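Enquirer: What follows is the file target_29.cif, containing mmCIF, C-alpha atoms:
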```
data_start
loop_
_atom_site.group_PDB
_atom_site.id
_atom_site.type_symbol
_atom_site.label_atom_id
_atom_site.label_comp_id
_atom_site.auth_asym_id
_atom_site.auth_seq_id
_atom_site.Cartn_x
_atom_site.Cartn_y
_atom_site.Cartn_z
ATOM 1 C CA MET A 1 89.287 132.584 6.195
ATOM 2 C CA SER A 2 90.159 136.113 7.019
ATOM 3 C CA THR A 3 89.015 139.325 5.469
ATOM 4 C CA THR A 4 91.360 142.227 5.028
ATOM 5 C CA THR A 5 90.338 145.544 6.531
ATOM 6 C CA THR A 6 92.142 148.819 6.731
ATOM 7 C CA ASN A 7 91.695 151.946 8.799
ATOM 8 C CA THR A 8 87.988 152.561 8.360
ATOM 9 C CA SER A 9 87.936 156.115 9.691
ATOM 10 C CA ARG A 10 88.690 157.711 6.338
ATOM 11 C CA THR A 11 86.237 158.465 3.553
ATOM 12 C CA ALA A 12 86.235 160.194 0.219
ATOM 13 C CA PRO A 13 86.445 163.996 0.341
ATOM 14 C CA ALA A 14 83.261 165.709 1.528
ATOM 15 C CA THR A 15 80.790 166.213 -1.279
ATOM 16 C CA SER A 16 77.949 168.020 0.502
ATOM 17 C CA SER A 17 78.174 171.779 0.219
ATOM 18 C CA LEU A 18 77.864 172.185 3.983
ATOM 19 C CA ALA A 19 80.718 169.790 4.763
ATOM 20 C CA ALA A 20 82.914 171.461 2.131
ATOM 21 C CA SER A 21 82.174 175.013 3.313
ATOM 22 C CA SER A 22 84.889 176.818 5.262
ATOM 23 C CA LYS A 23 82.252 179.203 6.637
ATOM 24 C CA PHE A 24 80.316 176.273 8.085
ATOM 25 C CA LYS A 25 83.543 174.897 9.533
ATOM 26 C CA THR A 26 84.048 178.199 11.378
ATOM 27 C CA PHE A 27 80.440 178.259 12.578
ATOM 28 C CA ALA A 28 80.457 174.629 13.707
ATOM 29 C CA THR A 29 83.782 174.796 15.537
ATOM 30 C CA VAL A 30 82.998 178.081 17.309
ATOM 31 C CA PHE A 31 79.473 176.889 18.197
ATOM 32 C CA SER A 32 80.802 173.620 19.626
ATOM 33 C CA ILE A 33 83.789 175.185 21.420
ATOM 34 C CA THR A 34 81.766 177.969 23.057
ATOM 35 C CA GLY A 35 78.635 175.866 23.694
ATOM 36 C CA PRO A 36 79.775 174.067 26.871
ATOM 37 C CA VAL A 37 81.239 177.293 28.301
ATOM 38 C CA VAL A 38 78.111 179.293 27.483
ATOM 39 C CA TYR A 39 75.928 176.581 29.047
ATOM 40 C CA CYS A 40 77.886 176.727 32.324
ATOM 41 C CA VAL A 41 77.718 180.549 32.383
ATOM 42 C CA VAL A 42 73.986 180.579 31.541
ATOM 43 C CA GLN A 43 73.288 178.045 34.273
ATOM 44 C CA PHE A 44 75.478 179.913 36.797
ATOM 45 C CA LEU A 45 73.782 183.252 36.053
ATOM 46 C CA ASN A 46 70.393 181.524 35.720
ATOM 47 C CA TRP A 47 69.441 183.028 32.365
ATOM 48 C CA PRO A 48 66.770 180.699 30.947
ATOM 49 C CA LEU A 49 65.107 181.959 27.780
ATOM 50 C CA VAL A 50 61.871 180.400 29.052
ATOM 51 C CA THR A 51 60.532 178.842 32.244
ATOM 52 C CA PHE A 52 58.167 175.873 31.988
ATOM 53 C CA TRP A 53 55.614 174.917 34.628
ATOM 54 C CA PRO A 54 54.833 171.216 34.049
ATOM 55 C CA ALA A 55 51.922 171.004 36.489
ATOM 56 C CA THR A 56 49.976 173.710 34.629
ATOM 57 C CA ASP A 57 51.639 173.362 31.179
ATOM 58 C CA ARG A 58 52.502 177.055 31.304
ATOM 59 C CA LEU A 59 55.489 178.474 29.417
ATOM 60 C CA VAL A 60 56.719 181.989 30.166
ATOM 61 C CA TRP A 61 59.571 184.075 28.800
ATOM 62 C CA GLY A 62 62.670 184.390 30.937
ATOM 63 C CA TYR A 63 63.016 183.324 34.541
ATOM 64 C CA GLU A 64 59.999 182.948 36.782
ATOM 65 C CA GLY A 65 60.498 181.880 40.377
ATOM 66 C CA ALA A 66 58.293 179.736 42.595
ATOM 67 C CA ARG A 67 54.550 180.550 42.533
ATOM 68 C CA ALA A 68 51.953 179.239 44.938
ATOM 69 C CA GLY A 69 49.789 176.432 43.561
ATOM 70 C CA GLU A 70 51.776 175.956 40.334
ATOM 71 C CA GLY A 71 54.123 173.157 41.394
ATOM 72 C CA PRO A 72 57.801 173.115 40.436
ATOM 73 C CA ASN A 73 59.271 175.148 37.580
ATOM 74 C CA MET A 74 61.676 173.780 34.951
ATOM 75 C CA LEU A 75 64.599 175.916 33.831
ATOM 76 C CA TRP A 76 66.633 173.390 31.834
ATOM 77 C CA TYR A 77 64.701 174.000 28.590
ATOM 78 C CA GLY A 78 65.349 177.706 28.966
ATOM 79 C CA TRP A 79 69.059 177.261 29.733
ATOM 80 C CA THR A 80 69.406 175.040 26.649
ATOM 81 C CA LEU A 81 67.624 177.542 24.369
ATOM 82 C CA THR A 82 69.714 180.454 25.676
ATOM 83 C CA THR A 83 72.894 178.433 25.136
ATOM 84 C CA ILE A 84 71.960 177.513 21.555
ATOM 85 C CA LEU A 85 71.116 181.135 20.693
ATOM 86 C CA VAL A 86 74.281 182.595 22.254
ATOM 87 C CA ALA A 87 76.584 179.916 20.804
ATOM 88 C CA ALA A 88 74.941 180.326 17.377
ATOM 89 C CA ALA A 89 75.391 184.114 17.576
ATOM 90 C CA LEU A 90 79.082 183.636 18.424
ATOM 91 C CA GLY A 91 79.400 181.199 15.516
ATOM 92 C CA ILE A 92 77.816 183.698 13.119
ATOM 93 C CA ILE A 93 80.098 186.478 14.353
ATOM 94 C CA ALA A 94 83.119 184.197 13.877
ATOM 95 C CA MET A 95 82.019 183.544 10.273
ATOM 96 C CA MET A 96 82.502 187.252 9.585
ATOM 97 C CA LEU A 97 86.136 187.171 10.723
ATOM 98 C CA PRO A 98 88.952 186.646 8.221
ATOM 99 C CA GLU A 99 90.049 183.031 7.750
ATOM 100 C CA ARG A 100 93.598 183.819 8.865
ATOM 101 C CA ILE A 101 92.104 184.440 12.336
ATOM 102 C CA THR A 102 89.526 181.631 12.452
ATOM 103 C CA ASN A 103 92.080 179.085 11.195
ATOM 104 C CA ARG A 104 94.107 179.748 14.344
ATOM 105 C CA ILE A 105 91.341 178.533 16.693
ATOM 106 C CA PRO A 106 92.739 175.431 18.453
ATOM 107 C CA LEU A 107 90.446 172.559 17.459
ATOM 108 C CA SER A 108 91.399 170.544 20.541
ATOM 109 C CA LEU A 109 89.227 172.947 22.599
ATOM 110 C CA ILE A 110 86.241 171.056 21.183
ATOM 111 C CA TRP A 111 86.923 168.105 23.464
ATOM 112 C CA ILE A 112 88.827 169.936 26.238
ATOM 113 C CA PHE A 113 86.024 172.374 27.162
ATOM 114 C CA PRO A 114 83.315 169.706 27.661
ATOM 115 C CA ILE A 115 85.677 167.785 29.948
ATOM 116 C CA LEU A 116 86.470 170.967 31.911
ATOM 117 C CA ALA A 117 82.731 171.732 32.175
ATOM 118 C CA ILE A 118 82.042 168.509 34.070
ATOM 119 C CA PRO A 119 83.651 169.542 37.420
ATOM 120 C CA TYR A 120 81.620 172.770 37.327
ATOM 121 C CA VAL A 121 78.414 170.834 36.592
ATOM 122 C CA ILE A 122 79.101 168.516 39.542
ATOM 123 C CA TYR A 123 79.771 171.547 41.747
ATOM 124 C CA SER A 124 76.555 173.250 40.585
ATOM 125 C CA LEU A 125 74.618 170.226 41.844
ATOM 126 C CA MET A 126 76.004 170.654 45.361
ATOM 127 C CA PRO A 127 72.527 171.037 46.971
ATOM 128 C CA TRP A 128 71.742 167.454 45.908
ATOM 129 C CA TRP A 129 75.029 166.053 47.238
ATOM 130 C CA THR A 130 74.674 168.018 50.486
ATOM 131 C CA LEU A 131 71.171 166.650 51.036
ATOM 132 C CA ALA A 132 72.360 163.130 50.215
ATOM 133 C CA ALA A 133 75.196 163.428 52.744
ATOM 134 C CA SER A 134 72.872 164.621 55.489
ATOM 135 C CA HIS A 135 70.350 161.770 55.107
ATOM 136 C CA MET B 136 45.247 159.265 22.427
ATOM 137 C CA THR B 137 44.574 158.607 26.098
ATOM 138 C CA SER B 138 41.048 157.402 25.222
ATOM 139 C CA TRP B 139 42.667 154.464 23.364
ATOM 140 C CA ILE B 140 45.352 153.662 25.898
ATOM 141 C CA SER B 141 45.854 154.479 29.552
ATOM 142 C CA THR B 142 47.968 157.464 30.569
ATOM 143 C CA ASN B 143 50.512 155.100 32.095
ATOM 144 C CA THR B 144 50.807 153.138 28.837
ATOM 145 C CA PHE B 145 51.129 156.370 26.835
ATOM 146 C CA TRP B 146 54.109 157.584 28.855
ATOM 147 C CA THR B 147 55.617 154.089 29.069
ATOM 148 C CA LEU B 148 55.578 153.931 25.255
ATOM 149 C CA TRP B 149 57.428 157.263 25.066
ATOM 150 C CA LEU B 150 59.927 156.033 27.646
ATOM 151 C CA PHE B 151 60.369 152.913 25.534
ATOM 152 C CA ALA B 152 60.914 155.036 22.396
ATOM 153 C CA HIS B 153 63.546 157.000 24.338
ATOM 154 C CA LEU B 154 65.230 153.712 25.274
ATOM 155 C CA ILE B 155 65.227 152.338 21.710
ATOM 156 C CA LEU B 156 66.725 155.557 20.321
ATOM 157 C CA ALA B 157 69.320 155.576 23.118
ATOM 158 C CA VAL B 158 70.339 151.978 22.395
ATOM 159 C CA GLY B 159 70.831 152.817 18.699
ATOM 160 C CA LEU B 160 72.876 155.894 19.598
ATOM 161 C CA LEU B 161 74.970 153.987 22.119
ATOM 162 C CA GLY B 162 75.750 151.245 19.607
ATOM 163 C CA ALA B 163 76.689 153.651 16.822
ATOM 164 C CA LEU B 164 78.867 155.848 19.046
ATOM 165 C CA THR B 165 80.603 152.875 20.662
ATOM 166 C CA HIS B 166 81.467 151.379 17.241
ATOM 167 C CA GLN B 167 82.779 154.747 16.113
ATOM 168 C CA ALA B 168 84.755 155.405 19.297
ATOM 169 C CA MET B 169 86.406 151.990 19.043
ATOM 170 C CA ALA B 170 87.206 152.620 15.370
ATOM 171 C CA VAL B 171 88.997 155.918 16.131
ATOM 172 C CA ALA B 172 90.642 154.820 19.374
ATOM 173 C CA LEU B 173 91.900 151.472 18.054
ATOM 174 C CA PRO B 174 91.873 151.650 14.252
ATOM 175 C CA VAL B 175 92.209 148.333 12.433
ATOM 176 C CA HIS B 176 95.255 148.081 10.142
ATOM 177 C CA GLN B 177 95.525 144.326 9.643
ATOM 178 C CA PRO B 178 93.347 141.366 8.703
ATOM 179 C CA ALA B 179 90.185 141.167 10.778
ATOM 180 C CA GLY B 180 90.102 138.254 13.187
ATOM 181 C CA GLY B 181 87.893 138.001 16.251
ATOM 182 C CA ILE B 182 84.706 139.778 17.166
ATOM 183 C CA VAL B 183 86.520 142.680 18.856
ATOM 184 C CA THR B 184 88.526 143.449 15.726
ATOM 185 C CA ARG B 185 85.408 143.241 13.602
ATOM 186 C CA PHE B 186 83.624 145.545 16.093
ATOM 187 C CA ARG B 187 86.412 148.105 15.525
ATOM 188 C CA ALA B 188 86.463 147.636 11.764
ATOM 189 C CA VAL B 189 83.198 149.419 10.969
ATOM 190 C CA PRO B 190 83.121 152.218 8.351
ATOM 191 C CA ALA B 191 83.057 154.812 11.132
ATOM 192 C CA ALA B 192 82.532 157.915 8.999
ATOM 193 C CA GLY B 193 79.182 156.579 7.810
ATOM 194 C CA TYR B 194 77.818 156.762 11.345
ATOM 195 C CA ALA B 195 78.220 160.532 11.801
ATOM 196 C CA THR B 196 74.889 161.744 10.437
ATOM 197 C CA ALA B 197 73.028 158.871 12.118
ATOM 198 C CA VAL B 198 74.661 159.715 15.461
ATOM 199 C CA CYS B 199 73.624 163.378 15.143
ATOM 200 C CA VAL B 200 70.048 162.480 14.192
ATOM 201 C CA LEU B 201 69.792 159.884 16.987
ATOM 202 C CA TRP B 202 71.255 162.268 19.598
ATOM 203 C CA VAL B 203 68.744 164.982 18.626
ATOM 204 C CA LEU B 204 65.780 162.567 18.535
ATOM 205 C CA THR B 205 66.747 160.961 21.859
ATOM 206 C CA TYR B 206 67.152 164.450 23.305
ATOM 207 C CA ILE B 207 63.739 165.618 22.056
ATOM 208 C CA VAL B 208 61.907 162.514 23.312
ATOM 209 C CA GLY B 209 63.794 162.745 26.626
ATOM 210 C CA SER B 210 62.825 166.415 26.907
ATOM 211 C CA TYR B 211 59.186 165.484 26.337
ATOM 212 C CA ILE B 212 59.042 162.794 29.029
ATOM 213 C CA TYR B 213 61.095 165.017 31.358
ATOM 214 C CA THR B 214 57.949 167.067 32.069
ATOM 215 C CA LYS B 215 56.317 164.008 33.646
ATOM 216 C CA TYR B 216 59.532 163.018 35.415
ATOM 217 C CA ARG B 217 59.577 166.407 37.162
ATOM 218 C CA ILE B 218 56.146 165.849 38.699
ATOM 219 C CA TYR B 219 55.642 162.112 39.032
ATOM 220 C CA ILE B 220 59.169 160.785 39.544
ATOM 221 C CA ARG B 221 61.364 163.496 41.027
ATOM 222 C CA ILE B 222 58.949 164.592 43.769
ATOM 223 C CA PRO B 223 58.498 161.028 45.110
ATOM 224 C CA LEU B 224 62.277 160.491 44.848
ATOM 225 C CA GLU B 225 62.887 163.583 46.972
ATOM 226 C CA ALA B 226 60.187 162.510 49.437
ATOM 227 C CA ALA B 227 61.952 159.155 49.793
ATOM 228 C CA HIS B 228 65.314 160.923 50.245
ATOM 229 C CA TYR B 229 66.814 159.519 47.025
ATOM 230 C CA TYR B 230 68.900 162.654 46.652
ATOM 231 C CA LYS B 231 71.853 161.056 44.889
ATOM 232 C CA THR B 232 69.494 159.590 42.286
ATOM 233 C CA GLY B 233 67.858 162.988 41.738
ATOM 234 C CA GLY B 234 71.262 164.668 41.583
ATOM 235 C CA PHE B 235 72.520 162.241 38.986
ATOM 236 C CA PHE B 236 69.447 162.876 36.842
ATOM 237 C CA ASP B 237 70.194 166.608 36.879
ATOM 238 C CA PHE B 238 73.809 165.742 36.042
ATOM 239 C CA LYS B 239 72.453 163.722 33.098
ATOM 240 C CA GLU B 240 70.395 166.628 31.733
ATOM 241 C CA HIS B 241 73.456 168.925 31.775
ATOM 242 C CA VAL B 242 75.661 166.326 30.062
ATOM 243 C CA ALA B 243 72.987 165.756 27.385
ATOM 244 C CA THR B 244 72.947 169.465 26.510
ATOM 245 C CA ILE B 245 76.747 169.761 26.495
ATOM 246 C CA GLY B 246 76.820 166.764 24.128
ATOM 247 C CA LEU B 247 74.153 168.360 21.933
ATOM 248 C CA VAL B 248 76.224 171.484 21.282
ATOM 249 C CA LEU B 249 79.233 169.372 20.228
ATOM 250 C CA LEU B 250 77.339 167.811 17.310
ATOM 251 C CA PRO B 251 77.959 170.448 14.583
ATOM 252 C CA ALA B 252 81.760 170.201 14.905
ATOM 253 C CA TYR B 253 81.591 166.432 15.357
ATOM 254 C CA TRP B 254 79.596 166.127 12.125
ATOM 255 C CA TYR B 255 81.926 168.455 10.219
ATOM 256 C CA PHE B 256 85.058 166.565 11.314
ATOM 257 C CA TRP B 257 83.601 163.226 10.281
ATOM 258 C CA LYS B 258 82.403 164.562 6.932
ATOM 259 C CA ASN B 259 86.006 165.682 6.342
ATOM 260 C CA ALA B 260 87.591 162.531 7.732
ATOM 261 C CA GLN B 261 90.033 162.424 4.805
ATOM 262 C CA ASP B 262 91.675 165.601 6.110
ATOM 263 C CA PRO B 263 94.408 164.709 8.658
ATOM 264 C CA GLN B 264 94.298 168.166 10.299
ATOM 265 C CA TYR B 265 91.023 167.128 11.973
ATOM 266 C CA ASP B 266 92.204 163.701 13.161
ATOM 267 C CA ASN B 267 92.941 164.621 16.787
ATOM 268 C CA ALA B 268 89.855 166.801 17.233
ATOM 269 C CA ARG B 269 87.651 164.167 15.598
ATOM 270 C CA LYS B 270 89.042 161.446 17.824
ATOM 271 C CA GLY B 271 88.718 163.609 20.952
ATOM 272 C CA VAL B 272 85.151 164.748 20.332
ATOM 273 C CA THR B 273 84.029 161.221 19.363
ATOM 274 C CA LEU B 274 85.490 159.716 22.542
ATOM 275 C CA VAL B 275 83.938 162.491 24.672
ATOM 276 C CA LEU B 276 80.529 161.947 23.056
ATOM 277 C CA ALA B 277 80.793 158.168 23.514
ATOM 278 C CA ALA B 278 81.717 158.580 27.203
ATOM 279 C CA MET B 279 78.806 161.008 27.642
ATOM 280 C CA CYS B 280 76.418 158.613 25.920
ATOM 281 C CA TRP B 281 77.424 155.726 28.199
ATOM 282 C CA PHE B 282 77.007 157.961 31.253
ATOM 283 C CA LEU B 283 73.555 159.137 30.078
ATOM 284 C CA PHE B 284 72.485 155.578 29.344
ATOM 285 C CA ILE B 285 73.634 154.144 32.678
ATOM 286 C CA VAL B 286 72.076 156.969 34.731
ATOM 287 C CA GLY B 287 68.818 156.635 32.779
ATOM 288 C CA HIS B 288 68.848 152.881 33.317
ATOM 289 C CA VAL B 289 69.441 153.174 37.079
ATOM 290 C CA LEU B 290 66.785 155.866 37.362
ATOM 291 C CA ASN B 291 64.305 153.692 35.505
ATOM 292 C CA ASN B 292 65.069 150.888 37.951
ATOM 293 C CA THR B 293 64.416 153.297 40.827
ATOM 294 C CA ARG B 294 61.084 154.567 39.512
ATOM 295 C CA GLY B 295 60.399 154.097 35.818
ATOM 296 C CA PHE B 296 58.267 151.666 33.828
ATOM 297 C CA GLY B 297 54.854 151.157 35.353
ATOM 298 C CA SER B 298 55.327 153.638 38.211
#
```
Take the structure I supplied and represent it as structure tokens, if you would.

Expert:
Amino acid sequence: MSTTTTNTSRTAPATSSLAASSKFKTFATVFSITGPVVYCVVQFLNWPLVTFWPATDRLVWGYEGARAGEGPNMLWYGWTLTTILVAAALGIIAMMLPERITNRIPLSLIWIFPILAIPYVIYSLMPWWTLAASH
Amino acid sequence: MTSWISTNTFWTLWLFAHLILAVGLLGALTHQAMAVALPVHQPAGGIVTRFRAVPAAGYATAVCVLWVLTYIVGSYIYTKYRIYIRIPLEAAHYYKTGGFFDFKEHVATIGLVLLPAYWYFWKNAQDPQYDNARKGVTLVLAAMCWFLFIVGHVLNNTRGFGS
């Protein structure tokens, strides 16, 4: 016995107001296109919104470098928060643009930029690879 | 909480929760990626065809929720990783392992920011103008998820449960 299936990727037209909103489409696409780029820039410039000190459970605004007796700092939370805020701001700005402009944004950038971000991420971790090569 | 269970058990349970969420996410994204990469157009036969024949659009919201939950739980246990796992790894010269964990954290965030567009494209899956972008972003997210899962698994084998 065999069951018949067809292409299962398609569904009925979007019914939720968010999925049917052209403004949300602009926000979502700009947020997701700029997000990986913003993350790489934020990490390169070291602009964390917050710095967390796990040994003392201390959270401070912005970047805070090494301090005696506090253990290691964690910047990743801060980089992520900065990225979300900047990408969201860019998405909101894009929502204010006319649709004839936002409709021209190439949607393929959504998967191209994350792939292009990977070589930079690997490069940014060079201290780890250098240490690994020397031991 | 730690008066009921030991600190080790507490963090092991969170690590386990992270694993369970990750397995769910991996399964959903792999089904979806197979459905977009190799869509089924003819009668379903073997297990591989049936694996590809899932109603892929129905997974979108679940994938977003699971990615965010896995991310939040991972972020929570990351604080302990930084002190109790990474420092011993560095002391033992496991630099590649440490480097791959940092690689994992970056990939997880890059995947996180893709979710709004991913969700929108799947909620409008009837619109052919989004087909290529939807396929591309789904395959990228699935590849990222497999990478995150494998690195997490190897790291856990290096110094995870019970350490």

Enquirer: Give me, as a Markdown table, each residue of chain B that comes within 6 Å of chain A, together with its shortest interatomic pair and the distance in Å at one decimal, counting all atoms listed in the file, with rows ordered by chain and rising residue number.

Expert:
```
| residue | atom | partner | partner_atom | distance |
| --- | --- | --- | --- | --- |
| B:Pro174 | CA | A:Asn7 | CA | 5.5 |
| B:Val175 | CA | A:Asn7 | CA | 5.2 |
| B:His176 | CA | A:Thr6 | CA | 4.7 |
| B:Pro178 | CA | A:Thr4 | CA | 4.3 |
| B:Ala179 | CA | A:Thr3 | CA | 5.7 |
| B:Pro190 | CA | A:Thr8 | CA | 4.9 |
| B:Ala191 | CA | A:Ser9 | CA | 5.3 |
| B:Ala192 | CA | A:Ser9 | CA | 5.7 |
| B:Thr214 | CA | A:Pro54 | CA | 5.6 |
| B:Tyr230 | CA | A:Ala132 | CA | 5.0 |
| B:Lys231 | CA | A:Ala132 | CA | 5.7 |
| B:Gly234 | CA | A:Trp128 | CA | 5.2 |
| B:Ile245 | CA | A:Pro36 | CA | 5.3 |
| B:Val248 | CA | A:Ser32 | CA | 5.3 |
| B:Leu249 | CA | A:Ser32 | CA | 4.6 |
| B:Pro251 | CA | A:Ala28 | CA | 4.9 |
| B:Ala252 | CA | A:Ala28 | CA | 4.8 |
| B:Tyr255 | CA | A:Ala19 | CA | 5.7 |
| B:Lys258 | CA | A:Ala14 | CA | 5.6 |
| B:Asn259 | CA | A:Ala14 | CA | 5.5 |
| B:Ala260 | CA | A:Arg10 | CA | 5.1 |
| B:Gln261 | CA | A:Arg10 | CA | 5.1 |
| B:Ala268 | CA | A:Ser108 | CA | 5.2 |
| B:Gly271 | CA | A:Trp111 | CA | 5.5 |
| B:Val272 | CA | A:Trp111 | CA | 4.9 |
```

Enquirer: Could you tell me how far atom CA of A:Thr51 sits from atom CA of B:Tyr216, in Å to one decimal place?

Expert: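 One can read the atom CA of B:Tyr216 to atom CA of A:Thr51 distance as 16.2 Å.
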
Enquirer: If we count all atoms listed in the file, what is near B:Thr232 at a cut-off of 12 Å, once residues fewer than 5 positions away on the same chain are taken out, given as a list in words?

Expert: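 With the cut-off at 12 Å, the set is Leu125, Trp128, Trp129, Leu131 and Ala132 of chain A; Ile220, Arg221, Ile222, Pro223, Leu224, Glu225, Ala227, Asp237, Phe238, Lys239, Ile285, Val286, Gly287, His288, Val289, Leu290, Asn291, Asn292, Thr293 and Arg294 of chain B.
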
Enquirer: Take atom CA of B:Ala152 and atom CA of B:Cys280 and report the distance between them in Å, one decimal.

Expert: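 Computed distance, atom CA of B:Ala152 to atom CA of B:Cys280, equals 16.3 Å.
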
Enquirer: Would you mind listing what lies within 10 Å of B:Trp281 as a tab-separated table (two decimals) with C-alpha atoms, in the coordinates of the input, with all atoms listed in the file counted and same-chain residues fewer than 6 positions away left out?

Expert:
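What ended up in result26.tsv:
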```tsv
chain	number	residue	atom	x	y	z
B	157	ALA	CA	69.32	155.58	23.12
B	158	VAL	CA	70.34	151.98	22.40
B	160	LEU	CA	72.88	155.89	19.60
B	161	LEU	CA	74.97	153.99	22.12
B	162	GLY	CA	75.75	151.24	19.61
B	164	LEU	CA	78.87	155.85	19.05
B	165	THR	CA	80.60	152.88	20.66
B	287	GLY	CA	68.82	156.64	32.78
```
